[in-house]
Amino acid sequence: MARKADLLQGSLDLLILKTLDLEALHGWAISKRIQLLSSGVLEVNQGSLYPALYRMRDRGLIESEWAHTDEGRRVKTYRLTRKGRETLASERAGWRLFADAVDAVLSAT
Amino acid sequence: MGWWRWVARRAEVLFAKRRVEAELDDELRFHLEMEVREHKRTGLSPAEARRRAMVTFGGVERYKEEVRDVRGARVADDLMQDVRVAVRSLTKQPAFLAAVLTTLAVGIGGSVAIYAVLDATVFAALPYPEADRLVTGRSTFNDGARLGPMLSAYDFYDYRDQARSFSAVGAIAPFPRRSTISQAGEPTRADVVFVTPGFFTTLGVTPLHGRDFVAEEGEPGASPAVLISEGYWRDRLGEDASVVGTTLVVSGNARTVVGVLPRTARFMVDADLWIPVVRGEGMARSRSAHNFLMVARLRADASAGVAQSELDAISDRLEDAYPDSNAGKGIVLTPARDMLAESYRGTLALLAAAVGLLLVVACANVAGLLLARGQARISEMALRSAIGARRGRLTRQLLTESTVLALGGGALGLSVAWLGQRAVLAFVSVDRIGAVAPGLSPSTVMFALTLSVGTVLFFGAIPALRTSGADASVALRGAGKVAGGVGGSRLRGGLVVAQVALTAVLLSVSGLLMRSLQELSAVDLGFNAENLLTAELDLPAFEYSPEERVAFFDDLNARLGALPDVRAVALSSMLPVRDPGNNWGIGLPGELSTPRGRSFLAFQRVVYPGYFEAMGIPLLAGRDVEPSDRDGEPRAIVISESTAERLFGEETSTGRLVDVQGQDDAHIVVGVVGDVVTDRPRSGRGPSMYYPYHRRTPALMRIALRHSGQGASVAAQVRSTLASLDPNLPLDRVLPMEDVVDASASDERALAALVAVFAAVALLLAGVGLYGVLAYQVTRRLREIGVRMALGASVADVSASVVRGGLMLVAAGLVVGVPLSLFVGRFLQAFLFGIEPADPVTYLTVSLFLAVVAAVACLLPARRASRVDPVQAFRA
């Protein structure tokens, strides 16, 4: 099993935004997708996903709707709003800047 | 729209809580199921898979709570909890709750009721398109002697035809004339009002059916037309649209119905029918008979100021052209809305002021009650703060309590206002265009809400801040036993002084109004109104020639006089108080039209012999009119005492000649009678002149019967007598004279009654306030009283000290209140009759009255103090 990394403060929102940028997903799928995309390195604390989802919905970054699974089960799925897409773009740029800066410091010899 | 989402979310949390919770449950359960299924796929047992899933997830409840937190549910929960606590703690003290709510209901209700009346009248736009461009024009006279300064017809035509500032101009003679209407069937009576063509166009009122008058219908030779009101059309003509084009006989003249006008056509006076004023006919053939109110619509590019100066220039030209009639005469423009409100604006302003005082008195009570409650809870608050409640939380809870009280009081106040508005609208004549509809507008509800929340928060915030800031150690130790919170008592004492002062003002105003009313009803009318039944009779002019009219009234007079219950019969074209009629110029021969001559206006009547005696009007000199006055030159006239005095001074009047406006022949004075009140008792007795019926035979006559006390049976007897003479004659407006006299002071009575109600409520509130303060002081002083009684103070001493405390507050209140009332009284001059604003009787009565009520309010606490058992007091 690969080593796991704790999520950096505030990065959960960014990850959720990115995941939903591809397609609308329900809560469980979001957590799995993050795990998958990070090759299992990033593991979302599943419980803390939901407060984050509700907070982002209230801020208007994502919206939710009830859909049905193939088995006919009612499930709440989330998708990005336009505001969410804009936020994702700016947050992504911010993250890049931050990561490059940290990288630069760490790789200084 | 960020705030909107915030509100929506909180509203969702508050109101859709259960649904939101269920959805969250659903969502989390789905998540866990998926997780469990995945673990099972890796080969774990169902139980183990479930355990693993729960572990990865973390505590379900914990995250649920976190979600709720994120969503602001806690704030909402706290708010609900505060409200619940507030309601619970308020209902635990029902007496307190009832006192505060009643006080608020009364104070806020009164104010809101008056606001609602203002909202429906003074503030409301007139129901006409672009009503703010409507102005009215009335004459001004530099001698200031005319009654109801209307315009003369000829002056109106000149203003109308020459002014360029108006897009439309019309005039109305705002005096309904009862007329006999016949149209295939029994004749009926209806109110007919004269307007010029163009009047309704000016207002912007369009007919429901048919058309408005056209300009030609105001010129001589036009075919007679009539417009009917929606009400008359509905009630008498069965809402039949085909009535347009048919003929209606109005006072004997056949007229074509040209249209039906909507309710909004009513202007100043009730009207069933409108008839066009025809230039050169009837009222419209003079420059000196002032019967018309001009209504004009300003052009979009003209201001009222420009219009006024244009009319002033026309007035100057008229003055030069017609010095006899127009010297010193001008015209003044007033916005229509202001003109219509003139008659009641003062009354409403007075009511608003009175109700404002009442509100302040009520607020003082609320503040006193909340203060007392706050003081009583100092220890509770101190304890809660000692065990860790934050000060903000405690303050918030107290404010929540205040808000709950405010909303409750506001809601009750609105119900009181709903009733109050109807009462005021019913009793004070404020409706001059028939468009005032009772009802609480959104702005009124807002006003009530603002007022109640403002009141309670302002008066609730002070106690809230005081008590939550209490020092825990001091408060807990002292808890209601020592004389802590002296400041609170002093503040409450101050509130009572203010209440007493303001109540004194209200009582004084009420007292002054009631004394005026008393003076008004004591006015000597100049005739005897007791057991006098009045009615009117309009002989159709086309059926009765002047000779036939004389014969008819000779006959009627004899028959009515023979009725068993009738003691005397008076017949006159106008009856005092009931029908003011017009005043006309009278003067010494040749002096009538000279500007500085000895001439003035006197009310004119045509009376049948026996009128003065039957009415109880004393004959001071000469004789009554007689049938023989039919012939003979000069024509006979009877004048009233003040007419004689102004014409002839101390000299003998009988046998002297006078000129009368509108009559070419000279008249000889044959008798002098006492003055009577012709209009409202308020305007007093004044000059009149009387023509003999046998010479000038008007078709419309009023009957006054002095009877033996059986008015109702007399009315029936009169009807059957009349039917035996002519079955087609309707007897109209049968009214006891005493009712007429009563009704003439109805506005004054309504005002006095309303202010009296306000004053009584204020008095009650002040009494309760005083009682509250004293009762509270006695409770606080139980120990001290116990000590004093143990040391030998008598029951009387103890009671006296309580009563003294109360009376001191009242005395202080009066020291402020009486001078304040005297000051306020100066503004009441216009409302008073027969008394001075500084009427000593009123002030003495008010002061005594307040002192007595205060003494009663002191008695209960004093009794309680006197029953203190020293032993109990020490243990307490």
# chains A, B, ... in the order shown; residues from 1 in each chain; ligands from 1
$ closest_atom_pairs --of "stretch 232-351 of chain B" --to "stretch 742-765 of chain B" --cutoff "10 Å" --atoms "only C-alpha atoms" --output "Markdown table"
| residue | atom | partner | partner_atom | distance |
| --- | --- | --- | --- | --- |
| B:Tyr344 | CA | B:Asp747 | CA | 9.1 |
| B:Thr347 | CA | B:Leu751 | CA | 7.0 |
| B:Leu348 | CA | B:Leu751 | CA | 8.9 |
| B:Leu350 | CA | B:Val755 | CA | 8.7 |
| B:Leu351 | CA | B:Val755 | CA | 6.8 |
$ write_last_selection --atoms "C-alpha atoms" --output "PDB file, in the first residue's frame"
ATOM      1  CA  TYR B 344     -61.217  68.290   9.022  1.00  0.00           C
ATOM      2  CA  THR B 347     -59.596  68.009  13.897  1.00  0.00           C
ATOM      3  CA  LEU B 348     -57.315  65.207  12.773  1.00  0.00           C
ATOM      4  CA  LEU B 350     -55.704  67.593  17.279  1.00  0.00           C
ATOM      5  CA  LEU B 351     -56.580  63.900  17.467  1.00  0.00           C
TER       6      LEU B 351
END
$ select_by_dssp --residues "chain A" --states "helix (DSSP H, G or I)" --output "JSON, numbers by chain"
{"A": [11, 12, 13, 14, 15, 16, 17, 18, 19, 20, 21, 22, 27, 28, 29, 30, 31, 32, 33, 34, 35, 36, 37, 46, 47, 48, 49, 50, 51, 52, 53, 54, 55, 56, 57, 58, 82, 83, 84, 85, 86, 87, 88, 89, 90, 91, 92, 93, 94, 95, 96, 97, 98, 99, 100, 101, 102, 103, 104, 105, 106]}
$ closest_atom_pairs --of "chain A" --to "chain B" --cutoff "10 Å" --atoms "only C-alpha atoms" --output "CSV"
residue,atom,partner,partner_atom,distance
A:His26,CA,B:His31,CA,8.6
A:Gly27,CA,B:His31,CA,6.8
A:Trp28,CA,B:His31,CA,5.2
A:Ala29,CA,B:His31,CA,8.6
A:Ser31,CA,B:His31,CA,9.8
A:Lys32,CA,B:Glu35,CA,9.7
A:Glu43,CA,B:Thr56,CA,9.9
A:Val44,CA,B:Thr56,CA,9.4
A:Asn45,CA,B:Phe57,CA,6.6
A:Gln46,CA,B:Phe57,CA,4.8
A:Gly47,CA,B:Phe57,CA,4.8
A:Ser48,CA,B:Tyr63,CA,6.6
A:Leu49,CA,B:Tyr63,CA,8.9
A:Tyr50,CA,B:Val67,CA,6.8
A:Pro51,CA,B:Val67,CA,4.5
A:Ala52,CA,B:Val67,CA,8.0
A:Leu53,CA,B:Val67,CA,8.8
A:Tyr54,CA,B:Val67,CA,6.6
A:Arg55,CA,B:Val70,CA,6.0
A:Met56,CA,B:Val70,CA,9.8
A:Arg57,CA,B:Arg71,CA,10.0
A:Asp58,CA,B:Arg9,CA,7.5
A:Arg59,CA,B:Arg5,CA,8.7
A:Gly60,CA,B:Arg5,CA,8.8
A:Trp66,CA,B:Glu23,CA,9.8
A:Arg73,CA,B:Phe30,CA,8.7
A:Arg74,CA,B:Asp26,CA,8.5
A:Val75,CA,B:Glu27,CA,6.7
A:Lys76,CA,B:Glu27,CA,6.5
A:Thr77,CA,B:Glu27,CA,9.5
$ residues_around --residues "A:Thr19" --least-positions-apart "2" --cutoff "10 Å" --atoms "only C-alpha atoms" --output "PyMOL selection string"
chain A and resi 13-17+21-25+29-31+33-34+37+79-80
$ write_last_selection --atoms "N, CA and C atoms" --output "compact mmCIF listing (two decimals), in the first residue's frame"
# COMPACT_ATOMS: atom_id res chain seq x y z
N ASP A 13 -11.56 21.63 -0.64
CA ASP A 13 -12.49 22.32 -1.53
C ASP A 13 -11.99 22.28 -2.96
N LEU A 14 -10.68 22.54 -3.12
CA LEU A 14 -10.08 22.55 -4.45
C LEU A 14 -10.25 21.19 -5.11
N LEU A 15 -9.98 20.14 -4.32
CA LEU A 15 -10.08 18.79 -4.87
C LEU A 15 -11.51 18.49 -5.29
N ILE A 16 -12.45 18.86 -4.46
CA ILE A 16 -13.86 18.61 -4.79
C ILE A 16 -14.22 19.34 -6.08
N LEU A 17 -13.80 20.61 -6.18
CA LEU A 17 -14.11 21.39 -7.37
C LEU A 17 -13.57 20.69 -8.60
N ASP A 21 -15.48 19.02 -11.82
CA ASP A 21 -15.30 19.72 -13.08
C ASP A 21 -15.54 18.74 -14.24
N LEU A 22 -15.24 17.45 -13.98
CA LEU A 22 -15.35 16.45 -15.03
C LEU A 22 -16.79 16.01 -15.22
N GLU A 23 -17.45 15.71 -14.13
CA GLU A 23 -18.86 15.29 -14.25
C GLU A 23 -19.56 15.42 -12.90
N ALA A 24 -20.88 15.37 -12.90
CA ALA A 24 -21.65 15.43 -11.66
C ALA A 24 -21.49 14.10 -10.92
N LEU A 25 -21.27 14.17 -9.61
CA LEU A 25 -21.04 12.95 -8.83
C LEU A 25 -21.78 13.03 -7.52
N ALA A 29 -18.90 8.90 -4.46
CA ALA A 29 -18.10 8.86 -5.68
C ALA A 29 -17.02 9.93 -5.65
N ILE A 30 -17.37 11.08 -5.06
CA ILE A 30 -16.36 12.14 -4.98
C ILE A 30 -15.16 11.65 -4.19
N SER A 31 -15.43 11.02 -3.03
CA SER A 31 -14.31 10.58 -2.19
C SER A 31 -13.49 9.52 -2.92
N ARG A 33 -13.25 9.17 -6.17
CA ARG A 33 -12.56 9.76 -7.32
C ARG A 33 -11.25 10.43 -6.88
N ILE A 34 -11.34 11.14 -5.74
CA ILE A 34 -10.13 11.82 -5.25
C ILE A 34 -9.04 10.80 -4.96
N LEU A 37 -7.72 9.43 -8.35
CA LEU A 37 -6.91 10.36 -9.13
C LEU A 37 -5.56 10.61 -8.48
N ARG A 79 -22.94 19.13 -8.76
CA ARG A 79 -22.23 19.57 -9.97
C ARG A 79 -21.78 21.01 -9.78
N LEU A 80 -20.79 21.39 -10.59
CA LEU A 80 -20.24 22.74 -10.47
C LEU A 80 -21.22 23.78 -10.99
$ residues_around --residues "B:Phe166" --least-positions-apart "6" --cutoff "7 Å" --atoms "only C-alpha atoms" --output "ChimeraX atom specification"
/B:296-299
$ write_last_selection --atoms "N, CA, C and O atoms" --output "PDB file, in the first residue's frame"
ATOM      1  N   ALA B 296     -60.067  73.507 -11.501  1.00  0.00           N
ATOM      2  CA  ALA B 296     -59.314  73.628 -12.746  1.00  0.00           C
ATOM      3  C   ALA B 296     -58.149  72.654 -12.744  1.00  0.00           C
ATOM      4  O   ALA B 296     -57.646  72.277 -11.687  1.00  0.00           O
ATOM      5  N   ARG B 297     -57.768  72.252 -13.933  1.00  0.00           N
ATOM      6  CA  ARG B 297     -56.623  71.348 -14.076  1.00  0.00           C
ATOM      7  C   ARG B 297     -55.482  72.143 -14.695  1.00  0.00           C
ATOM      8  O   ARG B 297     -55.620  72.699 -15.782  1.00  0.00           O
ATOM      9  N   LEU B 298     -54.364  72.230 -13.971  1.00  0.00           N
ATOM     10  CA  LEU B 298     -53.217  72.989 -14.459  1.00  0.00           C
ATOM     11  C   LEU B 298     -52.628  72.303 -15.685  1.00  0.00           C
ATOM     12  O   LEU B 298     -52.532  71.077 -15.727  1.00  0.00           O
ATOM     13  N   ARG B 299     -52.253  73.107 -16.676  1.00  0.00           N
ATOM     14  CA  ARG B 299     -51.546  72.521 -17.821  1.00  0.00           C
ATOM     15  C   ARG B 299     -50.225  71.947 -17.333  1.00  0.00           C
ATOM     16  O   ARG B 299     -49.678  72.385 -16.313  1.00  0.00           O
TER      17      ARG B 299
END
$ residues_around --residues "B:Ile172" --least-positions-apart "2" --cutoff "10 Å" --atoms "only C-alpha atoms" --output "ChimeraX atom specification"
/B:150-151,170,174-175,193-197,199-200,267-268,274,276-277,291-295
$ residues_around --residues "B:Leu832" --least-positions-apart "2" --cutoff "9 Å" --atoms "only C-alpha atoms" --output "list in words"
Leu512, Leu513, Arg515, Ser516, Leu517, Leu828, Gln829, Ala830, Gly834, Ile835, Glu836 and Pro837 of chain B
$ write_last_selection --atoms "N, CA, C and O atoms" --output "PDB file, in the first residue's frame"
ATOM      1  N   LEU B 512     -61.553  71.191  28.154  1.00  0.00           N
ATOM      2  CA  LEU B 512     -61.867  72.412  27.405  1.00  0.00           C
ATOM      3  C   LEU B 512     -62.872  72.108  26.300  1.00  0.00           C
ATOM      4  O   LEU B 512     -63.810  72.870  26.066  1.00  0.00           O
ATOM      5  N   LEU B 513     -62.668  70.972  25.621  1.00  0.00           N
ATOM      6  CA  LEU B 513     -63.579  70.624  24.527  1.00  0.00           C
ATOM      7  C   LEU B 513     -64.977  70.343  25.069  1.00  0.00           C
ATOM      8  O   LEU B 513     -65.980  70.728  24.462  1.00  0.00           O
ATOM      9  N   ARG B 515     -66.275  71.512  27.865  1.00  0.00           N
ATOM     10  CA  ARG B 515     -66.872  72.777  28.306  1.00  0.00           C
ATOM     11  C   ARG B 515     -67.389  73.561  27.102  1.00  0.00           C
ATOM     12  O   ARG B 515     -68.464  74.167  27.159  1.00  0.00           O
ATOM     13  N   SER B 516     -66.625  73.538  25.981  1.00  0.00           N
ATOM     14  CA  SER B 516     -67.103  74.235  24.775  1.00  0.00           C
ATOM     15  C   SER B 516     -68.392  73.623  24.280  1.00  0.00           C
ATOM     16  O   SER B 516     -69.293  74.328  23.839  1.00  0.00           O
ATOM     17  N   LEU B 517     -68.428  72.297  24.332  1.00  0.00           N
ATOM     18  CA  LEU B 517     -69.611  71.597  23.839  1.00  0.00           C
ATOM     19  C   LEU B 517     -70.822  71.993  24.680  1.00  0.00           C
ATOM     20  O   LEU B 517     -71.916  72.230  24.169  1.00  0.00           O
ATOM     21  N   LEU B 828     -55.541  75.707  20.953  1.00  0.00           N
ATOM     22  CA  LEU B 828     -56.871  75.121  20.824  1.00  0.00           C
ATOM     23  C   LEU B 828     -57.945  76.146  20.494  1.00  0.00           C
ATOM     24  O   LEU B 828     -59.090  75.787  20.267  1.00  0.00           O
ATOM     25  N   GLN B 829     -57.536  77.416  20.499  1.00  0.00           N
ATOM     26  CA  GLN B 829     -58.498  78.501  20.318  1.00  0.00           C
ATOM     27  C   GLN B 829     -59.558  78.186  19.254  1.00  0.00           C
ATOM     28  O   GLN B 829     -60.747  78.348  19.482  1.00  0.00           O
ATOM     29  N   ALA B 830     -59.085  77.680  18.107  1.00  0.00           N
ATOM     30  CA  ALA B 830     -60.004  77.465  16.987  1.00  0.00           C
ATOM     31  C   ALA B 830     -61.066  76.415  17.302  1.00  0.00           C
ATOM     32  O   ALA B 830     -62.111  76.376  16.666  1.00  0.00           O
ATOM     33  N   GLY B 834     -67.036  79.806  23.329  1.00  0.00           N
ATOM     34  CA  GLY B 834     -67.624  80.368  24.539  1.00  0.00           C
ATOM     35  C   GLY B 834     -66.764  80.311  25.786  1.00  0.00           C
ATOM     36  O   GLY B 834     -67.186  80.758  26.841  1.00  0.00           O
ATOM     37  N   ILE B 835     -65.560  79.729  25.691  1.00  0.00           N
ATOM     38  CA  ILE B 835     -64.677  79.743  26.861  1.00  0.00           C
ATOM     39  C   ILE B 835     -63.284  80.139  26.408  1.00  0.00           C
ATOM     40  O   ILE B 835     -62.952  80.067  25.231  1.00  0.00           O
ATOM     41  N   GLU B 836     -62.474  80.547  27.371  1.00  0.00           N
ATOM     42  CA  GLU B 836     -61.097  80.912  27.088  1.00  0.00           C
ATOM     43  C   GLU B 836     -60.226  79.671  27.235  1.00  0.00           C
ATOM     44  O   GLU B 836     -60.543  78.773  28.025  1.00  0.00           O
ATOM     45  N   PRO B 837     -59.108  79.586  26.490  1.00  0.00           N
ATOM     46  CA  PRO B 837     -58.201  78.430  26.671  1.00  0.00           C
ATOM     47  C   PRO B 837     -57.703  78.321  28.116  1.00  0.00           C
ATOM     48  O   PRO B 837     -57.407  77.223  28.586  1.00  0.00           O
TER      49      PRO B 837
END
$ closest_residue --among "B:Thr721, B:Ser508, B:Ser866, B:Ser45" --to "B:Val846" --atoms "only C-alpha atoms"
B:Ser508
$ residues_around --residues "B:Asp554" --least-positions-apart "4" --cutoff "10 Å" --atoms "only C-alpha atoms" --output "list in words"
Glu548, Arg549, Val550, Ala558, Arg559, Tyr608, Pro609, Pro627 and His694 of chain B
$ select_by_dssp --residues "stretch 27-87 of chain A" --states "strand (DSSP E)" --output "list in words"
Ile62, Glu63, Ser64, Glu65, Trp66, Ala67, His68, Arg74, Val75, Lys76, Thr77, Tyr78, Arg79 and Leu80 of chain A
$ write_last_selection --atoms "N, CA, C and O atoms" --output "mmCIF file, in the first residue's frame"
data_model
loop_
_atom_site.group_PDB
_atom_site.id
_atom_site.type_symbol
_atom_site.label_atom_id
_atom_site.label_comp_id
_atom_site.auth_asym_id
_atom_site.auth_seq_id
_atom_site.Cartn_x
_atom_site.Cartn_y
_atom_site.Cartn_z
ATOM 1 N N ILE A 62 -21.245 24.944 -5.840
ATOM 2 C CA ILE A 62 -21.791 23.726 -6.430
ATOM 3 C C ILE A 62 -23.296 23.716 -6.207
ATOM 4 O O ILE A 62 -23.809 24.457 -5.364
ATOM 5 N N GLU A 63 -23.989 22.912 -6.973
ATOM 6 C CA GLU A 63 -25.410 22.748 -6.717
ATOM 7 C C GLU A 63 -25.729 21.263 -6.690
ATOM 8 O O GLU A 63 -24.974 20.437 -7.211
ATOM 9 N N SER A 64 -26.838 20.937 -6.027
ATOM 10 C CA SER A 64 -27.137 19.522 -5.866
ATOM 11 C C SER A 64 -28.472 19.212 -6.512
ATOM 12 O O SER A 64 -29.312 20.098 -6.682
ATOM 13 N N GLU A 65 -28.624 17.961 -6.887
ATOM 14 C CA GLU A 65 -29.958 17.546 -7.327
ATOM 15 C C GLU A 65 -30.126 16.059 -7.050
ATOM 16 O O GLU A 65 -29.135 15.315 -6.940
ATOM 17 N N TRP A 66 -31.351 15.656 -6.909
ATOM 18 C CA TRP A 66 -31.608 14.254 -6.617
ATOM 19 C C TRP A 66 -31.731 13.494 -7.923
ATOM 20 O O TRP A 66 -32.444 13.904 -8.814
ATOM 21 N N ALA A 67 -30.993 12.386 -8.009
ATOM 22 C CA ALA A 67 -31.061 11.553 -9.214
ATOM 23 C C ALA A 67 -31.295 10.118 -8.766
ATOM 24 O O ALA A 67 -31.388 9.844 -7.563
ATOM 25 N N HIS A 68 -31.419 9.222 -9.710
ATOM 26 C CA HIS A 68 -31.612 7.810 -9.362
ATOM 27 C C HIS A 68 -30.475 6.977 -9.932
ATOM 28 O O HIS A 68 -30.027 7.209 -11.051
ATOM 29 N N ARG A 74 -32.483 6.482 -4.767
ATOM 30 C CA ARG A 74 -32.442 7.938 -4.832
ATOM 31 C C ARG A 74 -31.106 8.428 -4.285
ATOM 32 O O ARG A 74 -30.689 7.997 -3.202
ATOM 33 N N VAL A 75 -30.438 9.290 -5.053
ATOM 34 C CA VAL A 75 -29.122 9.728 -4.615
ATOM 35 C C VAL A 75 -28.915 11.200 -4.978
ATOM 36 O O VAL A 75 -29.394 11.670 -6.013
ATOM 37 N N LYS A 76 -28.217 11.870 -4.087
ATOM 38 C CA LYS A 76 -28.012 13.305 -4.301
ATOM 39 C C LYS A 76 -26.685 13.503 -5.026
ATOM 40 O O LYS A 76 -25.651 13.042 -4.536
ATOM 41 N N THR A 77 -26.729 14.135 -6.177
ATOM 42 C CA THR A 77 -25.486 14.372 -6.907
ATOM 43 C C THR A 77 -25.178 15.865 -6.925
ATOM 44 O O THR A 77 -26.074 16.702 -6.819
ATOM 45 N N TYR A 78 -23.882 16.141 -7.053
ATOM 46 C CA TYR A 78 -23.419 17.533 -7.027
ATOM 47 C C TYR A 78 -22.788 17.876 -8.348
ATOM 48 O O TYR A 78 -22.167 17.026 -8.998
ATOM 49 N N ARG A 79 -22.943 19.127 -8.760
ATOM 50 C CA ARG A 79 -22.235 19.568 -9.969
ATOM 51 C C ARG A 79 -21.776 21.005 -9.779
ATOM 52 O O ARG A 79 -22.286 21.727 -8.932
ATOM 53 N N LEU A 80 -20.789 21.393 -10.592
ATOM 54 C CA LEU A 80 -20.235 22.737 -10.471
ATOM 55 C C LEU A 80 -21.219 23.777 -10.994
ATOM 56 O O LEU A 80 -21.918 23.536 -11.972
#
$ decode --residues "stretch 17-52 of chain A" --atoms "C-alpha atoms" --output "short mmCIF file (atom, residue, chain, number, x, y, z; two decimals), in the first residue's frame"
data_model
loop_
_atom_site.label_atom_id
_atom_site.label_comp_id
_atom_site.auth_asym_id
_atom_site.auth_seq_id
_atom_site.Cartn_x
_atom_site.Cartn_y
_atom_site.Cartn_z
CA LEU A 17 -14.11 21.39 -7.37
CA LYS A 18 -11.66 19.63 -9.64
CA THR A 19 -13.42 16.29 -9.31
CA LEU A 20 -16.80 17.81 -10.15
CA ASP A 21 -15.30 19.72 -13.08
CA LEU A 22 -15.35 16.45 -15.03
CA GLU A 23 -18.86 15.29 -14.25
CA ALA A 24 -21.65 15.43 -11.66
CA LEU A 25 -21.04 12.95 -8.83
CA HIS A 26 -22.57 11.89 -5.51
CA GLY A 27 -20.71 12.22 -2.23
CA TRP A 28 -19.27 8.71 -2.07
CA ALA A 29 -18.10 8.86 -5.68
CA ILE A 30 -16.36 12.14 -4.98
CA SER A 31 -14.31 10.58 -2.19
CA LYS A 32 -13.47 7.58 -4.35
CA ARG A 33 -12.56 9.76 -7.32
CA ILE A 34 -10.13 11.82 -5.25
CA GLN A 35 -8.56 8.65 -3.96
CA LEU A 36 -8.27 7.27 -7.47
CA LEU A 37 -6.91 10.36 -9.13
CA SER A 38 -4.27 10.76 -6.46
CA SER A 39 -3.28 7.13 -6.95
CA GLY A 40 -4.46 6.42 -3.47
CA VAL A 41 -2.11 8.93 -1.87
CA LEU A 42 -4.80 11.39 -0.82
CA GLU A 43 -7.50 9.90 1.29
CA VAL A 44 -10.43 12.13 2.09
CA ASN A 45 -11.79 11.78 5.57
CA GLN A 46 -15.17 10.64 4.34
CA GLY A 47 -17.22 12.29 7.10
CA SER A 48 -15.61 15.70 6.64
CA LEU A 49 -16.60 15.62 2.97
CA TYR A 50 -20.21 16.43 3.77
CA PRO A 51 -19.80 19.61 5.81
CA ALA A 52 -17.52 20.79 2.99
#
